[in-house]
file my_file_39.txt (compact mmCIF, C-alpha atoms)
# COMPACT_ATOMS: atom_id res chain seq x y z
CA MET E 1 177.72 96.09 -23.34
CA ARG E 2 178.70 92.41 -23.43
CA ARG E 3 175.14 91.47 -24.51
CA VAL E 4 175.29 93.98 -27.37
CA VAL E 5 178.62 92.58 -28.55
CA LEU E 6 177.27 89.02 -28.32
CA ALA E 7 174.17 89.93 -30.34
CA ILE E 8 176.32 91.50 -33.07
CA VAL E 9 178.55 88.43 -33.24
CA LEU E 10 175.55 86.11 -33.58
CA VAL E 11 174.04 88.19 -36.36
CA LEU E 12 177.36 88.21 -38.23
CA CYS E 13 177.52 84.43 -37.87
CA GLY E 14 174.17 84.18 -39.67
CA THR E 15 172.16 82.82 -36.79
CA GLN E 16 168.85 83.72 -35.20
CA VAL E 17 168.43 84.35 -31.50
CA PHE E 18 165.41 84.25 -29.24
CA GLY E 19 165.38 84.39 -25.45
CA ASP E 20 167.52 85.74 -22.62
CA VAL E 21 169.03 84.62 -19.34
CA GLY E 22 166.47 82.69 -17.25
CA ARG E 23 164.47 81.84 -20.36
CA TYR E 24 164.65 79.21 -23.05
CA GLN E 25 167.47 79.89 -25.48
CA ALA E 26 166.94 79.01 -29.13
CA ARG E 27 169.18 79.71 -32.07
CA GLY E 28 168.48 78.37 -35.54
CA TYR E 29 170.70 77.76 -38.53
CA ASP E 30 170.83 80.63 -40.98
CA GLY E 31 167.61 80.81 -43.01
CA GLU E 32 166.25 77.51 -41.68
CA PRO E 33 163.22 76.92 -39.43
CA ILE E 34 163.72 75.50 -35.97
CA ILE E 35 160.42 73.60 -36.34
CA ASP E 36 159.22 72.18 -39.65
CA TYR E 37 155.79 70.56 -39.24
CA SER E 38 153.52 68.91 -41.79
CA ARG E 39 150.27 66.95 -41.62
CA ARG E 40 149.11 64.91 -44.58
CA HIS E 41 146.00 62.79 -45.11
CA TYR E 42 146.63 59.50 -46.90
CA ARG E 43 143.77 60.11 -49.31
CA VAL E 44 145.79 63.00 -50.80
CA MET E 45 149.29 61.61 -50.20
CA ASP E 46 150.20 61.80 -53.89
CA SER E 47 149.56 65.52 -54.16
CA ASP E 48 151.13 68.65 -52.76
CA GLN E 49 147.96 69.37 -50.79
CA PHE E 50 149.04 69.14 -47.16
CA LEU E 51 149.26 71.36 -44.12
CA ALA E 52 152.74 72.80 -43.47
CA LEU E 53 154.07 75.06 -40.74
CA LYS E 54 157.59 76.44 -40.45
CA ILE E 55 158.64 78.33 -37.31
CA TYR E 56 161.86 80.33 -37.10
CA ALA E 57 163.87 81.25 -34.03
CA ASP E 58 163.02 84.94 -34.34
CA GLY E 59 159.30 84.14 -34.08
CA ARG E 60 158.52 84.30 -37.80
CA VAL E 61 156.03 81.69 -39.01
CA ARG E 62 155.31 80.48 -42.54
CA LEU E 63 152.00 78.63 -42.93
CA SER E 64 150.76 76.70 -45.95
CA THR E 65 147.15 75.50 -45.88
CA PRO E 66 145.85 73.08 -48.57
CA SER E 67 142.89 73.63 -50.85
CA TYR E 68 140.58 71.34 -48.88
CA MET E 69 140.88 73.55 -45.78
CA HIS E 70 138.59 76.50 -45.05
CA ASN E 71 141.19 79.18 -45.77
CA PRO E 72 143.78 77.84 -48.24
CA GLY E 73 146.95 79.65 -49.22
CA GLU E 74 150.38 80.76 -48.03
CA PHE E 75 150.58 83.02 -44.98
CA GLU E 76 153.19 84.67 -42.79
CA PHE E 77 152.88 85.96 -39.25
CA ARG E 78 154.99 86.35 -36.15
CA LEU E 79 154.82 84.90 -32.66
CA ASN E 80 155.55 87.19 -29.74
CA ALA E 81 158.09 86.38 -27.04
CA LYS E 82 155.51 84.83 -24.72
CA ARG E 83 154.21 82.42 -27.34
CA MET E 84 157.71 81.48 -28.43
CA GLN E 85 158.71 80.72 -24.87
CA ALA E 86 155.58 78.58 -24.43
CA LEU E 87 156.43 76.66 -27.57
CA LEU E 88 160.04 76.08 -26.49
CA SER E 89 158.82 75.05 -23.06
CA SER E 90 156.56 72.41 -24.64
CA ILE E 91 159.47 70.95 -26.58
CA ASP E 92 161.29 70.56 -23.27
CA THR E 93 158.54 69.58 -20.80
CA MET E 94 156.78 67.20 -23.22
CA GLU E 95 160.17 65.57 -23.89
CA ILE E 96 159.75 65.90 -27.65
CA LEU E 97 163.49 65.79 -28.22
CA SER E 98 163.72 62.38 -26.58
CA PHE E 99 160.75 60.88 -28.45
CA ASP E 100 161.71 57.35 -29.50
CA ALA E 101 159.41 55.82 -32.12
CA ASP E 102 160.65 52.27 -31.53
CA ALA E 103 160.08 52.58 -27.79
CA ALA E 104 156.63 54.08 -28.38
CA HIS E 105 155.68 51.15 -30.64
CA ARG E 106 156.87 48.69 -27.98
CA ALA E 107 154.83 50.52 -25.34
CA LYS E 108 151.78 50.32 -27.63
CA ALA E 109 152.24 46.57 -28.07
CA GLU E 110 152.55 46.09 -24.31
CA SER E 111 149.41 48.18 -23.75
CA GLU E 112 147.47 46.10 -26.28
CA ALA E 113 148.68 42.88 -24.65
CA ARG E 114 147.27 44.06 -21.32
CA ARG E 115 143.79 44.51 -22.79
CA ALA E 116 141.74 41.62 -21.43
CA ASP E 117 139.17 41.71 -24.23
CA GLY E 118 141.76 41.33 -27.00
CA GLU E 119 140.27 44.33 -28.76
CA ARG E 120 141.80 45.31 -32.10
CA PHE E 121 141.53 48.71 -33.72
CA HIS E 122 141.95 49.89 -37.31
CA VAL E 123 141.94 53.35 -38.89
CA SER E 124 141.14 53.33 -42.60
CA ASP E 125 142.07 56.95 -43.38
CA LEU E 126 145.47 57.60 -41.85
CA THR E 127 146.92 61.04 -41.16
CA GLU E 128 150.69 61.35 -41.23
CA THR E 129 152.47 63.79 -38.92
CA ARG E 130 156.07 64.85 -39.58
CA ILE E 131 158.00 67.10 -37.22
CA ALA E 132 161.59 68.16 -37.82
CA ILE E 133 163.29 70.14 -35.05
CA ARG E 134 166.69 71.70 -35.69
CA PHE E 135 168.56 74.06 -33.40
CA ALA E 136 172.07 75.33 -33.71
CA HIS E 137 171.69 75.89 -29.98
CA PHE E 138 168.89 75.01 -27.57
CA ALA E 139 168.97 75.41 -23.80
CA ALA E 140 166.36 75.15 -21.05
CA PRO E 141 166.68 77.69 -18.22
CA GLY E 142 169.70 76.90 -16.08
CA LYS E 143 170.91 74.12 -18.37
CA GLU E 144 173.76 73.85 -20.82
CA GLY E 145 172.81 74.33 -24.44
CA LYS E 146 173.44 72.01 -27.36
CA PRO E 147 172.63 71.61 -31.06
CA VAL E 148 169.53 69.57 -31.88
CA ASN E 149 168.47 67.60 -34.94
CA ARG E 150 165.32 65.54 -34.35
CA GLN E 151 162.94 63.93 -36.84
CA ILE E 152 159.56 62.49 -35.81
CA LEU E 153 157.17 60.56 -38.05
CA TRP E 154 153.91 59.16 -36.64
CA ASN E 155 150.45 58.32 -37.97
CA ASP E 156 147.19 59.39 -36.32
CA VAL E 157 148.73 61.06 -33.30
CA ALA E 158 145.47 62.20 -31.68
CA VAL E 159 143.72 58.86 -32.25
CA GLU E 160 146.63 56.89 -30.86
CA ALA E 161 147.05 59.18 -27.86
CA GLU E 162 143.39 58.68 -26.98
CA ARG E 163 143.54 54.93 -27.45
CA PHE E 164 146.86 54.47 -25.63
CA SER E 165 146.41 56.86 -22.74
CA ASP E 166 149.03 54.91 -20.77
CA VAL E 167 151.81 55.57 -23.32
CA VAL E 168 153.42 58.74 -21.99
CA MET E 169 155.41 59.52 -25.13
CA LEU E 170 152.24 59.61 -27.24
CA GLN E 171 150.58 61.96 -24.76
CA GLY E 172 153.52 64.36 -25.03
CA LEU E 173 153.56 64.19 -28.83
CA ASN E 174 149.81 64.79 -29.00
CA HIS E 175 150.05 67.80 -26.69
CA PHE E 176 152.81 69.30 -28.81
CA GLU E 177 150.98 68.70 -32.09
CA ARG E 178 147.83 70.32 -30.68
CA GLN E 179 149.91 73.37 -29.84
CA LEU E 180 151.20 73.50 -33.43
CA LEU E 181 147.71 73.02 -34.87
CA ARG E 182 146.46 76.03 -32.90
CA LEU E 183 148.80 78.10 -35.06
CA THR E 184 147.34 76.88 -38.35
CA ASP E 185 144.22 79.05 -38.49
CA PRO E 186 145.33 82.30 -40.18
CA THR E 187 142.07 84.02 -39.23
CA ARG E 188 143.14 83.85 -35.57
CA ARG E 189 146.50 85.49 -36.29
CA GLN E 190 147.56 88.78 -37.79
CA ALA E 191 148.61 86.76 -40.80
CA VAL E 192 149.62 88.26 -44.12
CA ARG E 193 148.57 86.24 -47.17
CA VAL E 194 151.52 85.60 -49.45
CA THR E 195 149.89 83.51 -52.20
CA GLY E 196 146.69 81.55 -52.89
CA GLY E 197 143.07 82.01 -51.86
CA GLN E 198 140.82 84.88 -52.78

call {"tool": "encode", "arguments": {"input": "my_file_39.txt", "output": "structure tokens"}}
result
Amino acid sequence: MRRVVLAIVLVLCGTQVFGDVGRYQARGYDGEPIIDYSRRHYRVMDSDQFLALKIYADGRVRLSTPSYMHNPGEFEFRLNAKRMQALLSSIDTMEILSFDADAAHRAKAESEARRADGERFHVSDLTETRIAIRFAHFAAPGKEGKPVNRQILWNDVAVEAERFSDVVMLQGLNHFERQLLRLTDPTRRQAVRVTGGQ
């Protein structure tokens, strides 16, 4: 009975709820995604042609794929409880909420300084990753919950993670981005096309 009352109160407060006792708890702000992800290639930075993924606390997903991808358009689908819990677990175990760009850059510089051959590396066609994570309430199992507002901006995540395998923060970010990218193929989901495409 208490759970029913709590659920009603949360709905009236305009929030979204996902999870239960012993699981990850996630509540978003009314009408806003808990994860807002985008990936943009520098060669098309001046256009609106970029990959975008918005995930809501109730499992709803909004996907926008650009014209240069195989299946462009706007899509919607839903993640089940298992997939949502896996995603929330990654945010926690990969320490995404504690990602510190300045510290990661310092760790990169230290890693480069340790390279005996003085090797330098340059990527001519950069890919920008942006991840915004916002929770009205987020709690790992057995831990106290709190609101979250985290913004991450990094270029060439996969390339940098491979090059700097000793920078733990980049490994975690790369793992999390790969998990998001697995959601961006609408043909692998029961996705409903909203606009665009054929």

call {"tool": "residues_around", "arguments": {"input": "my_file_39.txt", "residues": "segment 32-41 of chain E", "least_positions_apart": "3", "cutoff": "9 Å", "atoms": "all atoms listed in the file", "output": "number ranges by chain"}}
result
E: 26-29, 44-45, 49-57, 60-61, 125-136, 177, 180

call {"tool": "atom_distance", "arguments": {"input": "my_file_39.txt", "atom1": "atom CA of Leu153 of chain E", "atom2": "atom CA of Thr184 of chain E"}}
result
19.1 Å

call {"tool": "closest_residue", "arguments": {"input": "my_file_39.txt", "among": "E:Lys143, E:Arg62, E:Arg115, E:Arg43", "to": "Phe75 of chain E", "atoms": "all atoms listed in the file"}}
result
E:Arg62

call {"tool": "atom_distance", "arguments": {"input": "my_file_39.txt", "atom1": "atom CA of Arg78 of chain E", "atom2": "atom CA of Met169 of chain E"}}
result
29.0 Å

call {"tool": "residues_around", "arguments": {"input": "my_file_39.txt", "residues": "Asp102 of chain E", "least_positions_apart": "3", "cutoff": "12 Å", "atoms": "all atoms listed in the file", "output": "mmCIF file with C-alpha atoms, in the frame of the given file"}}
result
data_model
loop_
_atom_site.group_PDB
_atom_site.id
_atom_site.type_symbol
_atom_site.label_atom_id
_atom_site.label_comp_id
_atom_site.auth_asym_id
_atom_site.auth_seq_id
_atom_site.Cartn_x
_atom_site.Cartn_y
_atom_site.Cartn_z
ATOM 1 C CA SER E 98 163.720 62.380 -26.580
ATOM 2 C CA PHE E 99 160.750 60.880 -28.450
ATOM 3 C CA HIS E 105 155.680 51.150 -30.640
ATOM 4 C CA ARG E 106 156.870 48.690 -27.980
ATOM 5 C CA ALA E 107 154.830 50.520 -25.340
ATOM 6 C CA LYS E 108 151.780 50.320 -27.630
ATOM 7 C CA ALA E 109 152.240 46.570 -28.070
ATOM 8 C CA ILE E 152 159.560 62.490 -35.810
ATOM 9 C CA LEU E 153 157.170 60.560 -38.050
ATOM 10 C CA TRP E 154 153.910 59.160 -36.640
ATOM 11 C CA MET E 169 155.410 59.520 -25.130
ATOM 12 C CA LEU E 170 152.240 59.610 -27.240
#

call {"tool": "atom_distance", "arguments": {"input": "my_file_39.txt", "atom1": "atom CA of Ser89 of chain E", "atom2": "atom CA of Tyr24 of chain E"}}
result
7.2 Å

call {"tool": "residues_around", "arguments": {"input": "my_file_39.txt", "residues": "His70 of chain E", "least_positions_apart": "3", "cutoff": "10 Å", "atoms": "all atoms listed in the file", "output": "VMD selection string"}}
result
chain E and resid 65 to 67 73 185 197

call {"tool": "closest_residue", "arguments": {"input": "my_file_39.txt", "among": "E:Asp30, E:Glu74, E:Asp166, E:Asp58", "to": "Glu110 of chain E", "atoms": "all atoms listed in the file"}}
result
E:Asp166

call {"tool": "closest_residue", "arguments": {"input": "my_file_39.txt", "among": "E:Lys146, E:Arg182, E:His137, E:Arg193", "to": "Arg83 of chain E", "atoms": "all atoms listed in the file"}}
result
E:Arg182

call {"tool": "residues_near_point", "arguments": {"input": "my_file_39.txt", "point": "(152.2, 87.6, -37.0)", "cutoff": "6 Å", "atoms": "all atoms listed in the file", "output": "list in words"}}
result
Phe77, Arg78, Leu79, Gln190 and Ala191 of chain E
